[in-house]
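What follows is a single structure, written as structure tokens, with notes after it.
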Amino acid sequence: MKIKNPATGDIIIELKADTAETLKNKFNALKEGQKSWSALSVGERLECIEKFGALVQQHKNELAAILTEETGKPIQQSLNEITGAHNRIDHLCKYAERWLSEEVLVDSGNTREKIAYEPLGVIVNISAWNFPYNVGYNVFLYALAGGNSVMYKPSEYAVLTGKQFEKYLHRAGVPENVFQCVIGDGRLGQLLLEEDFDGYFFTGSYATGKHIAETVAHKLVPVQLELGGKDPLYVTDDVPDIKQAAINAAEGAFYNNGQSCCAVERIYVAERIYDEFIDAFVEEVNAYKVGNPVDPDTFIGPLTREQQLGFLSDQVADALNKGAFLKAGGQSVEEKGYYFRPTVLVNCDHRMKVMTEESFGPVIGIQKVASDDEAVSLMKDTPYGLTAAVFSSDEQRALNLLRKMDTGTVYWNCCDRVSPNVPWSGRKNSGLGSTLSFKGIRAFVQPKSYHLRNW
Ligand code: TXE
């Protein structure tokens with residue numbers, strides 16, 4: 001595997017990918033290790049997870065440099081992710097014992113009814129590159145807390161970070177035969193589907209997620225998918241501060257170069273404030289510093305994947321051919337590295353790919369709407385169902401709109417955020433199952449119901 005630096009296109013290091021044989025050996029070790037790991041108490045397992053978190057924070061500068069070098073994420077955003085992801089560990093320490101402990105539902109006369117929660121066994125986590133800490137912790141830390149052993153395959157674009165997870169989990173006391181990292185691209189991913197894991201947990205594209213779910217369906221074990229989205233944001237005509245709304249919406253669209261499953265992917269603006277909003281939005285985007293991701297002032301670094309440059313150019317050309325106007329950016333930057341200027345297209349409509357196909361990059365389309373009803377019908381016109389946002393000064397107006405969304409998450413006057421306190425779930429082509437919250441804690445265990453009767 002050639003690990004490249006997206007800021008320069010240069011090769012950082014070459015690594016040997018795992019093979020069918022190394023994969024099998026690791027799988028067998030994990031089956032063995034899971035027995036003793038599940039015999040520990042939740043508290044004992046959490047001690048290791050807490051130590052892991054402490055080691056990561058202790059080494060966050062070195063880890064952020066690795067994340068930035070292999071994904072092109074601006075260094076400040078790498079540090080933000082590593083620090084922010086710790087909230088998953090805090091969440092587990094606060095709630096895992098409560099949600100994983102036995103529950104006695106009935107204890108009357110000579111009859112008791114109770115539920116115990118048992119681990120699934122050995123699970124596989126096939127993960128993504130855009131927020132490897134956030135999307136990784138959502139799965140493998142919660143799986144470990146539940147008493148499972150984990151085979152973790154980082155994306156081929158975040159391999160070095162994945163190896164750091166393995167290093168620090170082992171240093172923190174998670175046995176080597178309880179957490180194993182395998183490295184490789186989709187071909188190795190395909191081999192993983194042939195192993196008999198007790199659960200498949202995937203984060204990535206709809207196409208790959210659908211393929212995985214179809215391939216392993218016959219095994220009748222849990223499958224969870226965190227997929228993409230085409231998340232809408234609607235700015236109503238009663239926002240108190242149009243400039244602030246534009247700033248927040250721009251950050252939602254361009255943070256992490258738009259490479260976030262819950263990034264704002266399309267914006268609808270009430271016609272009365274449309275021109276003022278566009279001016280404020282374009283001013284904000286033009287002020288973003290595009291540059292070397294190791295520079296702390298950089299907000300827009302290179303895209304992680306070179307092939308996305310052509311994909312985004314095609315979306316821009318398609319929109320312009322169908323009547324959109326270009327207000328900022330529009331092309332890749334002619335220099336080393338996979339740079340694409342932050343791009344704003346206006347006068348957009350749903351004939352254009354930029355309003356219907358996931359961009360997963362620094363390109364946003366904006367469309368004028370005449371009413372809340374028109375906004376709702378456009379927001380719902382998508383095969384995805386991850387998040388939807390409404391900016392308004394009126395909470396009831398916003399809630400009336402958000403109740404109509406068929407998405408796992410909705411936002412009022414905020415966007416592009418994930419919290420471990422509430423379920424993170426995608427509907428329709430955005431996913432299957434939930435991580436985080438009590439749902440995430442119990443995603444990696446299975447209930448055993450006890451009916452007990454004294455003689
Ligand atoms: O995904 P891929 P990418 C989505 C986002 C975007 C896409 C980009 O919508 O469109 O992912 O990420 C492995 N069998 N999200 O291109 O190609 C592959 O090696 C088994 C949403 O990386 O799906 C990698 O480890 N595995 C998400 C993983 O699948 C296979 C956040 C994902 O790769 C495989 C991040 C196969 N046949 C990205 N082919 C969210 N909801 O948070 C590939 N893989």
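For the structure tokens, the naming scheme is as follows: chains receive sequential letters (A, B, ...) according to their order of presentation, residues are indexed from 1 within each chain, and ligands are indexed from 1 in presentation order.
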* To do: Could you report the residues within 9 Å of ligand 1, using only C-alpha atoms and all ligand atoms, as a ChimeraX atom specification?
  => /A:125-132,134-135,153-158,183-193,202-209,211-212,215,225-230,259-262,305,358-360,386,425-426,430-431
If we count only C-alpha atoms, what is near Gln244 in chain A at a cut-off of 10 Å, once residues fewer than 6 positions away on the same chain are taken out, given as an mmCIF file with C-alpha atoms, in the first residue's frame?
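This went into part_22.cif:
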data_model
loop_
_atom_site.group_PDB
_atom_site.id
_atom_site.type_symbol
_atom_site.label_atom_id
_atom_site.label_comp_id
_atom_site.auth_asym_id
_atom_site.auth_seq_id
_atom_site.Cartn_x
_atom_site.Cartn_y
_atom_site.Cartn_z
ATOM 1 C CA ALA A 250 -20.822 28.105 5.270
ATOM 2 C CA PHE A 277 -27.736 35.888 2.333
ATOM 3 C CA ALA A 280 -22.790 37.347 3.137
ATOM 4 C CA PHE A 281 -22.212 33.664 2.304
ATOM 5 C CA GLU A 284 -17.425 34.367 4.183
#
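Coordinates place CA of Asn28 in chain A at a distance of 23.5 Å from CA of Val42 in chain A.
Rounded to one decimal, CA of Thr83 in chain A and CA of Phe438 in chain A lie 22.1 Å from each other.
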* **Picked from range 133-294 of chain A by DSSP as helix (DSSP H, G or I), as an MDAnalysis selection string** => chainID A and resid 133:145 159:171 186:192 206:219 242:258 271:286
Take the residues just selected and output them with C-alpha atoms as a PDB file, in the first residue's frame.
ATOM      1  CA  TYR A 133     -11.435   9.128  15.407  1.00  0.00           C
ATOM      2  CA  ASN A 134     -15.138  10.026  15.535  1.00  0.00           C
ATOM      3  CA  VAL A 135     -16.468   7.301  13.246  1.00  0.00           C
ATOM      4  CA  GLY A 136     -13.998   4.749  14.645  1.00  0.00           C
ATOM      5  CA  TYR A 137     -14.718   5.370  18.324  1.00  0.00           C
ATOM      6  CA  ASN A 138     -18.483   5.254  17.617  1.00  0.00           C
ATOM      7  CA  VAL A 139     -17.988   1.576  16.804  1.00  0.00           C
ATOM      8  CA  PHE A 140     -14.869  -0.060  18.190  1.00  0.00           C
ATOM      9  CA  LEU A 141     -14.843   1.552  21.657  1.00  0.00           C
ATOM     10  CA  TYR A 142     -18.537   0.752  22.193  1.00  0.00           C
ATOM     11  CA  ALA A 143     -17.957  -2.786  20.890  1.00  0.00           C
ATOM     12  CA  LEU A 144     -15.056  -3.296  23.308  1.00  0.00           C
ATOM     13  CA  ALA A 145     -17.078  -1.915  26.219  1.00  0.00           C
ATOM     14  CA  VAL A 159      -4.159   3.557   7.629  1.00  0.00           C
ATOM     15  CA  LEU A 160      -1.472   5.225   9.759  1.00  0.00           C
ATOM     16  CA  THR A 161      -4.116   6.543  12.140  1.00  0.00           C
ATOM     17  CA  GLY A 162      -5.693   3.094  12.360  1.00  0.00           C
ATOM     18  CA  LYS A 163      -2.353   1.588  13.352  1.00  0.00           C
ATOM     19  CA  GLN A 164      -2.039   4.203  16.102  1.00  0.00           C
ATOM     20  CA  PHE A 165      -5.428   3.117  17.514  1.00  0.00           C
ATOM     21  CA  GLU A 166      -4.111  -0.459  17.719  1.00  0.00           C
ATOM     22  CA  LYS A 167      -0.830   0.648  19.335  1.00  0.00           C
ATOM     23  CA  TYR A 168      -2.477   2.713  22.056  1.00  0.00           C
ATOM     24  CA  LEU A 169      -5.331   0.288  22.746  1.00  0.00           C
ATOM     25  CA  HIS A 170      -2.760  -2.465  23.384  1.00  0.00           C
ATOM     26  CA  ARG A 171      -0.666  -0.119  25.537  1.00  0.00           C
ATOM     27  CA  GLY A 186     -11.650  -2.703  -0.752  1.00  0.00           C
ATOM     28  CA  ARG A 187     -10.187  -6.036  -1.807  1.00  0.00           C
ATOM     29  CA  LEU A 188      -9.229  -6.799   1.782  1.00  0.00           C
ATOM     30  CA  GLY A 189     -12.620  -5.456   2.806  1.00  0.00           C
ATOM     31  CA  GLN A 190     -14.195  -8.016   0.502  1.00  0.00           C
ATOM     32  CA  LEU A 191     -12.191 -10.830   2.158  1.00  0.00           C
ATOM     33  CA  LEU A 192     -13.498  -9.713   5.547  1.00  0.00           C
ATOM     34  CA  TYR A 206     -24.001   3.953   0.206  1.00  0.00           C
ATOM     35  CA  ALA A 207     -22.805   1.766  -2.662  1.00  0.00           C
ATOM     36  CA  THR A 208     -20.312  -0.150  -0.537  1.00  0.00           C
ATOM     37  CA  GLY A 209     -22.653  -0.323   2.434  1.00  0.00           C
ATOM     38  CA  LYS A 210     -25.432  -1.811   0.320  1.00  0.00           C
ATOM     39  CA  HIS A 211     -22.973  -4.325  -1.143  1.00  0.00           C
ATOM     40  CA  ILE A 212     -21.833  -5.368   2.352  1.00  0.00           C
ATOM     41  CA  ALA A 213     -25.368  -5.747   3.702  1.00  0.00           C
ATOM     42  CA  GLU A 214     -26.418  -7.845   0.683  1.00  0.00           C
ATOM     43  CA  THR A 215     -23.279 -10.007   0.867  1.00  0.00           C
ATOM     44  CA  VAL A 216     -23.574 -10.921   4.552  1.00  0.00           C
ATOM     45  CA  ALA A 217     -27.394 -10.992   4.832  1.00  0.00           C
ATOM     46  CA  HIS A 218     -27.479 -14.802   4.704  1.00  0.00           C
ATOM     47  CA  LYS A 219     -25.431 -14.991   7.929  1.00  0.00           C
ATOM     48  CA  ILE A 242     -28.623  36.935   8.088  1.00  0.00           C
ATOM     49  CA  LYS A 243     -24.843  37.344   8.180  1.00  0.00           C
ATOM     50  CA  GLN A 244     -24.528  34.992  11.160  1.00  0.00           C
ATOM     51  CA  ALA A 245     -26.793  32.457   9.431  1.00  0.00           C
ATOM     52  CA  ALA A 246     -24.540  32.640   6.355  1.00  0.00           C
ATOM     53  CA  ILE A 247     -21.404  32.145   8.457  1.00  0.00           C
ATOM     54  CA  ASN A 248     -22.874  29.106  10.245  1.00  0.00           C
ATOM     55  CA  ALA A 249     -24.181  27.588   7.003  1.00  0.00           C
ATOM     56  CA  ALA A 250     -20.822  28.105   5.270  1.00  0.00           C
ATOM     57  CA  GLU A 251     -18.980  26.387   8.102  1.00  0.00           C
ATOM     58  CA  GLY A 252     -21.466  23.495   7.903  1.00  0.00           C
ATOM     59  CA  ALA A 253     -20.764  23.165   4.183  1.00  0.00           C
ATOM     60  CA  PHE A 254     -16.983  23.633   4.126  1.00  0.00           C
ATOM     61  CA  TYR A 255     -15.625  22.318   7.458  1.00  0.00           C
ATOM     62  CA  ASN A 256     -13.282  19.368   6.746  1.00  0.00           C
ATOM     63  CA  ASN A 257     -13.493  20.414   3.088  1.00  0.00           C
ATOM     64  CA  GLY A 258     -17.141  19.313   3.050  1.00  0.00           C
ATOM     65  CA  GLU A 271     -36.590  34.706  -1.456  1.00  0.00           C
ATOM     66  CA  ARG A 272     -37.009  37.844   0.704  1.00  0.00           C
ATOM     67  CA  ILE A 273     -33.505  37.469   2.183  1.00  0.00           C
ATOM     68  CA  TYR A 274     -31.898  35.520  -0.682  1.00  0.00           C
ATOM     69  CA  ASP A 275     -29.667  38.268  -2.158  1.00  0.00           C
ATOM     70  CA  GLU A 276     -28.446  39.471   1.241  1.00  0.00           C
ATOM     71  CA  PHE A 277     -27.736  35.888   2.333  1.00  0.00           C
ATOM     72  CA  ILE A 278     -25.793  35.080  -0.872  1.00  0.00           C
ATOM     73  CA  ASP A 279     -23.611  38.200  -0.495  1.00  0.00           C
ATOM     74  CA  ALA A 280     -22.790  37.347   3.137  1.00  0.00           C
ATOM     75  CA  PHE A 281     -22.212  33.664   2.304  1.00  0.00           C
ATOM     76  CA  VAL A 282     -19.839  34.401  -0.615  1.00  0.00           C
ATOM     77  CA  GLU A 283     -17.936  36.970   1.467  1.00  0.00           C
ATOM     78  CA  GLU A 284     -17.425  34.367   4.183  1.00  0.00           C
ATOM     79  CA  VAL A 285     -16.298  31.625   1.769  1.00  0.00           C
ATOM     80  CA  ASN A 286     -13.874  33.937  -0.039  1.00  0.00           C
TER      81      ASN A 286
END
* To one decimal place, how far is CA of Thr382 in chain A from CA of Leu399 in chain A in Å? ->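 For CA of Thr382 in chain A relative to CA of Leu399 in chain A, the distance reads 20.1 Å.
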* Hey, which of A:Ser101, A:Asn177, A:Thr409, A:Ser332 ends up closest to Gln307 in chain A? Count only C-alpha atoms. ->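 Under the stated criterion, the closest residue is A:Ser332.
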* Can you pull out every residue within 10 Å of Asp10 in chain A, counting only C-alpha atoms, but drop anything in the same chain fewer than 5 positions away, and send it as a ChimeraX atom specification? => /A:2-5,336-337
Generate a file of the selected residues that holds N, CA, C and O atoms, formatted as a PDB file, in the first residue's frame.
ATOM      1  N   LYS A   2       0.597   2.163  -0.956  1.00  0.00           N
ATOM      2  CA  LYS A   2       1.327   3.423  -0.998  1.00  0.00           C
ATOM      3  C   LYS A   2       0.512   4.463  -0.225  1.00  0.00           C
ATOM      4  O   LYS A   2      -0.590   4.834  -0.657  1.00  0.00           O
ATOM      5  N   ILE A   3       1.011   4.915   0.923  1.00  0.00           N
ATOM      6  CA  ILE A   3       0.293   5.930   1.691  1.00  0.00           C
ATOM      7  C   ILE A   3       0.763   7.283   1.188  1.00  0.00           C
ATOM      8  O   ILE A   3       1.947   7.614   1.291  1.00  0.00           O
ATOM      9  N   LYS A   4      -0.175   8.084   0.629  1.00  0.00           N
ATOM     10  CA  LYS A   4       0.190   9.362   0.009  1.00  0.00           C
ATOM     11  C   LYS A   4      -0.218  10.550   0.877  1.00  0.00           C
ATOM     12  O   LYS A   4      -1.166  10.481   1.649  1.00  0.00           O
ATOM     13  N   ASN A   5       0.502  11.651   0.677  1.00  0.00           N
ATOM     14  CA  ASN A   5       0.149  12.917   1.317  1.00  0.00           C
ATOM     15  C   ASN A   5      -0.672  13.738   0.326  1.00  0.00           C
ATOM     16  O   ASN A   5      -0.127  14.191  -0.697  1.00  0.00           O
ATOM     17  N   LYS A 336       0.663  21.451  -6.817  1.00  0.00           N
ATOM     18  CA  LYS A 336       0.745  20.085  -6.264  1.00  0.00           C
ATOM     19  C   LYS A 336      -0.357  19.900  -5.231  1.00  0.00           C
ATOM     20  O   LYS A 336      -0.736  20.844  -4.536  1.00  0.00           O
ATOM     21  N   GLY A 337      -0.856  18.701  -5.166  1.00  0.00           N
ATOM     22  CA  GLY A 337      -1.861  18.430  -4.140  1.00  0.00           C
ATOM     23  C   GLY A 337      -3.257  18.476  -4.722  1.00  0.00           C
ATOM     24  O   GLY A 337      -3.501  19.137  -5.724  1.00  0.00           O
TER      25      GLY A 337
END
* To do: Using only C-alpha atoms, find the one residue out of A:Ala319, A:Leu436, A:Leu92, A:Val333 that sits nearest to Val346 in chain A.
  => A:Ala319
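When only C-alpha atoms are used to compute distances to Leu120 in chain A, the closest of the residues A:Gln315, A:Thr435, A:Gln446, A:Ser419 turns out to be A:Gln446.
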* To do: List the neighbours of Glu195 in chain A out to 10 Å using only C-alpha atoms; skip same-chain residues closer than 6 positions along the sequence, and give me the result as number ranges by chain.
  => A: 20, 23-24, 27, 124, 216
* **All residues 10 Å or closer to Ser36 in chain A, only C-alpha atoms, same chain fewer than 3 positions away omitted, as a PyMOL selection string** => chain A and resi 32-33+39-40+147+149+175+177-178
* To do: as a VMD selection string, please: all residues of range 143-378 of chain A that backbone DSSP puts in strand (DSSP E).
  => chain A and resid 149 to 153 179 to 181 199 to 203 223 to 226 232 to 235 266 to 270 325 to 328 343 to 346 363 to 369
N, CA and C atoms of the current selection, written as a CSV table (one decimal), in the first residue's frame:
chain,number,residue,atom,x,y,z
A,149,SER,N,-14.6,-8.7,20.9
A,149,SER,CA,-13.3,-8.4,20.4
A,149,SER,C,-13.5,-7.8,19.0
A,150,VAL,N,-12.6,-7.1,18.5
A,150,VAL,CA,-12.8,-6.2,17.3
A,150,VAL,C,-11.7,-6.4,16.3
A,151,MET,N,-12.1,-6.7,15.0
A,151,MET,CA,-11.2,-6.6,13.9
A,151,MET,C,-11.5,-5.3,13.2
A,152,TYR,N,-10.5,-4.4,13.1
A,152,TYR,CA,-10.7,-3.0,12.7
A,152,TYR,C,-10.0,-2.8,11.4
A,153,LYS,N,-10.7,-2.5,10.3
A,153,LYS,CA,-10.1,-2.1,9.0
A,153,LYS,C,-10.3,-0.6,8.8
A,179,PHE,N,-8.2,-6.7,20.1
A,179,PHE,CA,-8.3,-5.7,19.1
A,179,PHE,C,-7.2,-5.9,18.1
A,180,GLN,N,-7.6,-6.1,16.8
A,180,GLN,CA,-6.6,-6.3,15.8
A,180,GLN,C,-6.9,-5.4,14.6
A,181,CYS,N,-6.0,-4.7,14.1
A,181,CYS,CA,-6.1,-3.8,12.9
A,181,CYS,C,-5.6,-4.6,11.7
A,199,GLY,N,-20.9,-9.8,13.8
A,199,GLY,CA,-21.5,-8.5,13.5
A,199,GLY,C,-20.7,-7.8,12.5
A,200,TYR,N,-21.3,-7.0,11.6
A,200,TYR,CA,-20.5,-6.2,10.6
A,200,TYR,C,-21.0,-4.8,10.8
A,201,PHE,N,-20.0,-3.9,11.1
A,201,PHE,CA,-20.3,-2.5,11.3
A,201,PHE,C,-19.4,-1.7,10.4
A,202,PHE,N,-20.1,-0.9,9.5
A,202,PHE,CA,-19.5,-0.3,8.3
A,202,PHE,C,-19.8,1.2,8.4
A,203,THR,N,-18.8,2.0,8.0
A,203,THR,CA,-19.0,3.4,7.8
A,203,THR,C,-18.3,3.7,6.4
A,223,VAL,N,-26.0,-6.2,11.2
A,223,VAL,CA,-25.2,-5.3,10.3
A,223,VAL,C,-25.6,-3.9,10.5
A,224,GLN,N,-24.7,-3.0,10.7
A,224,GLN,CA,-25.0,-1.6,10.9
A,224,GLN,C,-24.2,-0.8,9.9
A,225,LEU,N,-24.8,0.2,9.3
A,225,LEU,CA,-24.2,1.0,8.2
A,225,LEU,C,-24.4,2.5,8.5
A,226,GLU,N,-23.3,3.2,8.5
A,226,GLU,CA,-23.3,4.7,8.6
A,226,GLU,C,-22.8,5.2,7.2
A,232,PRO,N,-29.9,18.9,3.7
A,232,PRO,CA,-30.3,20.2,3.4
A,232,PRO,C,-30.3,21.1,4.6
A,233,LEU,N,-30.2,22.4,4.3
A,233,LEU,CA,-30.3,23.5,5.3
A,233,LEU,C,-31.2,24.5,4.7
A,234,TYR,N,-32.3,24.9,5.4
A,234,TYR,CA,-33.3,25.9,5.0
A,234,TYR,C,-33.2,27.1,5.9
A,235,VAL,N,-32.9,28.3,5.2
A,235,VAL,CA,-32.9,29.5,6.0
A,235,VAL,C,-34.2,30.3,5.8
A,266,ARG,N,-26.7,21.1,0.6
A,266,ARG,CA,-27.6,22.0,-0.3
A,266,ARG,C,-28.3,23.0,0.6
A,267,ILE,N,-28.4,24.2,0.2
A,267,ILE,CA,-29.0,25.3,1.0
A,267,ILE,C,-30.2,25.9,0.2
A,268,TYR,N,-31.3,26.1,1.0
A,268,TYR,CA,-32.5,26.7,0.5
A,268,TYR,C,-32.7,28.0,1.2
A,269,VAL,N,-33.0,29.1,0.5
A,269,VAL,CA,-33.1,30.4,1.2
A,269,VAL,C,-34.4,31.1,0.8
A,270,ALA,N,-35.1,31.6,1.8
A,270,ALA,CA,-36.3,32.3,1.5
A,270,ALA,C,-36.0,33.5,0.6
A,325,PHE,N,-25.3,29.9,-11.6
A,325,PHE,CA,-24.2,30.9,-11.7
A,325,PHE,C,-23.1,30.6,-10.7
A,326,LEU,N,-21.9,30.8,-11.1
A,326,LEU,CA,-20.7,30.6,-10.2
A,326,LEU,C,-20.4,31.9,-9.4
A,327,LYS,N,-20.5,31.8,-8.1
A,327,LYS,CA,-20.2,33.0,-7.3
A,327,LYS,C,-18.8,32.9,-6.6
A,328,ALA,N,-18.2,31.7,-6.5
A,328,ALA,CA,-16.9,31.6,-5.9
A,328,ALA,C,-16.3,30.3,-6.3
A,343,THR,N,-16.3,26.3,-3.5
A,343,THR,CA,-17.1,26.7,-4.7
A,343,THR,C,-18.6,27.0,-4.3
A,344,VAL,N,-19.1,28.1,-4.7
A,344,VAL,CA,-20.5,28.5,-4.4
A,344,VAL,C,-21.3,28.6,-5.7
A,345,LEU,N,-22.3,27.9,-5.9
A,345,LEU,CA,-23.2,27.9,-7.1
A,345,LEU,C,-24.6,28.4,-6.6
A,346,VAL,N,-25.1,29.4,-7.4
A,346,VAL,CA,-26.5,29.9,-7.0
A,346,VAL,C,-27.4,29.8,-8.2
A,363,VAL,N,-18.0,22.1,-2.4
A,363,VAL,CA,-18.9,22.7,-3.4
A,363,VAL,C,-20.3,22.7,-2.9
A,364,ILE,N,-21.0,23.8,-3.0
A,364,ILE,CA,-22.4,23.9,-2.4
A,364,ILE,C,-23.3,24.7,-3.4
A,365,GLY,N,-24.5,24.1,-3.5
A,365,GLY,CA,-25.5,24.8,-4.4
A,365,GLY,C,-26.6,25.5,-3.5
A,366,ILE,N,-27.0,26.6,-3.9
A,366,ILE,CA,-28.0,27.4,-3.2
A,366,ILE,C,-29.2,27.6,-4.1
A,367,GLN,N,-30.4,27.4,-3.5
A,367,GLN,CA,-31.7,27.6,-4.3
A,367,GLN,C,-32.6,28.5,-3.5
A,368,LYS,N,-33.3,29.4,-4.3
A,368,LYS,CA,-34.3,30.3,-3.7
A,368,LYS,C,-35.6,29.6,-3.5
A,369,VAL,N,-36.3,29.8,-2.4
A,369,VAL,CA,-37.6,29.2,-2.3
A,369,VAL,C,-38.6,30.3,-1.9
* Which residue gives the smallest distance to Cys93 in chain A among A:Thr298, A:Leu79, A:Leu55, A:Arg45, with only C-alpha atoms counted? ->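 Residue with the minimum atom-to-atom distance to Cys93 in chain A: A:Arg45.
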7 Å contact set for Ser437 in chain A, only C-alpha atoms, chain neighbours under 2 positions out, as a CSV table (one decimal) with N, CA, C and O atoms, in the first residue's frame:
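Writing the result to part_16.csv gives the following:
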chain,number,residue,atom,x,y,z
A,420,PRO,N,-22.6,12.3,21.5
A,420,PRO,CA,-22.8,10.9,21.9
A,420,PRO,C,-24.0,10.7,22.8
A,420,PRO,O,-24.5,9.6,23.1
A,421,ASN,N,-24.7,11.8,23.2
A,421,ASN,CA,-25.8,11.7,24.1
A,421,ASN,C,-27.1,11.2,23.4
A,421,ASN,O,-28.0,10.7,24.0
A,422,VAL,N,-27.1,11.5,22.0
A,422,VAL,CA,-28.4,11.1,21.3
A,422,VAL,C,-28.0,10.2,20.1
A,422,VAL,O,-26.8,10.2,19.7
A,423,PRO,N,-28.9,9.3,19.7
A,423,PRO,CA,-28.6,8.4,18.7
A,423,PRO,C,-28.1,9.0,17.4
A,423,PRO,O,-28.6,10.1,17.0
A,435,THR,N,-25.6,4.4,16.2
A,435,THR,CA,-24.5,4.4,17.1
A,435,THR,C,-24.7,5.5,18.2
A,435,THR,O,-25.7,6.3,18.0
A,439,LYS,N,-28.6,3.6,22.5
A,439,LYS,CA,-28.7,2.8,21.3
A,439,LYS,C,-27.4,2.2,20.9
A,439,LYS,O,-27.2,1.1,20.6
A,440,GLY,N,-26.4,3.1,20.9
A,440,GLY,CA,-25.0,2.7,20.5
A,440,GLY,C,-24.4,1.7,21.5
A,440,GLY,O,-23.7,0.8,21.1
A,441,ILE,N,-24.7,2.0,22.8
A,441,ILE,CA,-24.1,1.1,23.8
A,441,ILE,C,-24.7,-0.3,23.6
A,441,ILE,O,-24.0,-1.3,23.7
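Among the candidate residues A:Lys51, A:Lys60, A:Lys380, A:Arg341, the one lying nearest to Thr356 in chain A is A:Lys380, with distances computed using only C-alpha atoms.
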* Hey, which of A:Ile12, A:Val290, A:Val390, A:Ala375 ends up closest to Thr71 in chain A? Count only C-alpha atoms. ->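 Of the candidates, the smallest distance to Thr71 in chain A is held by A:Ile12.
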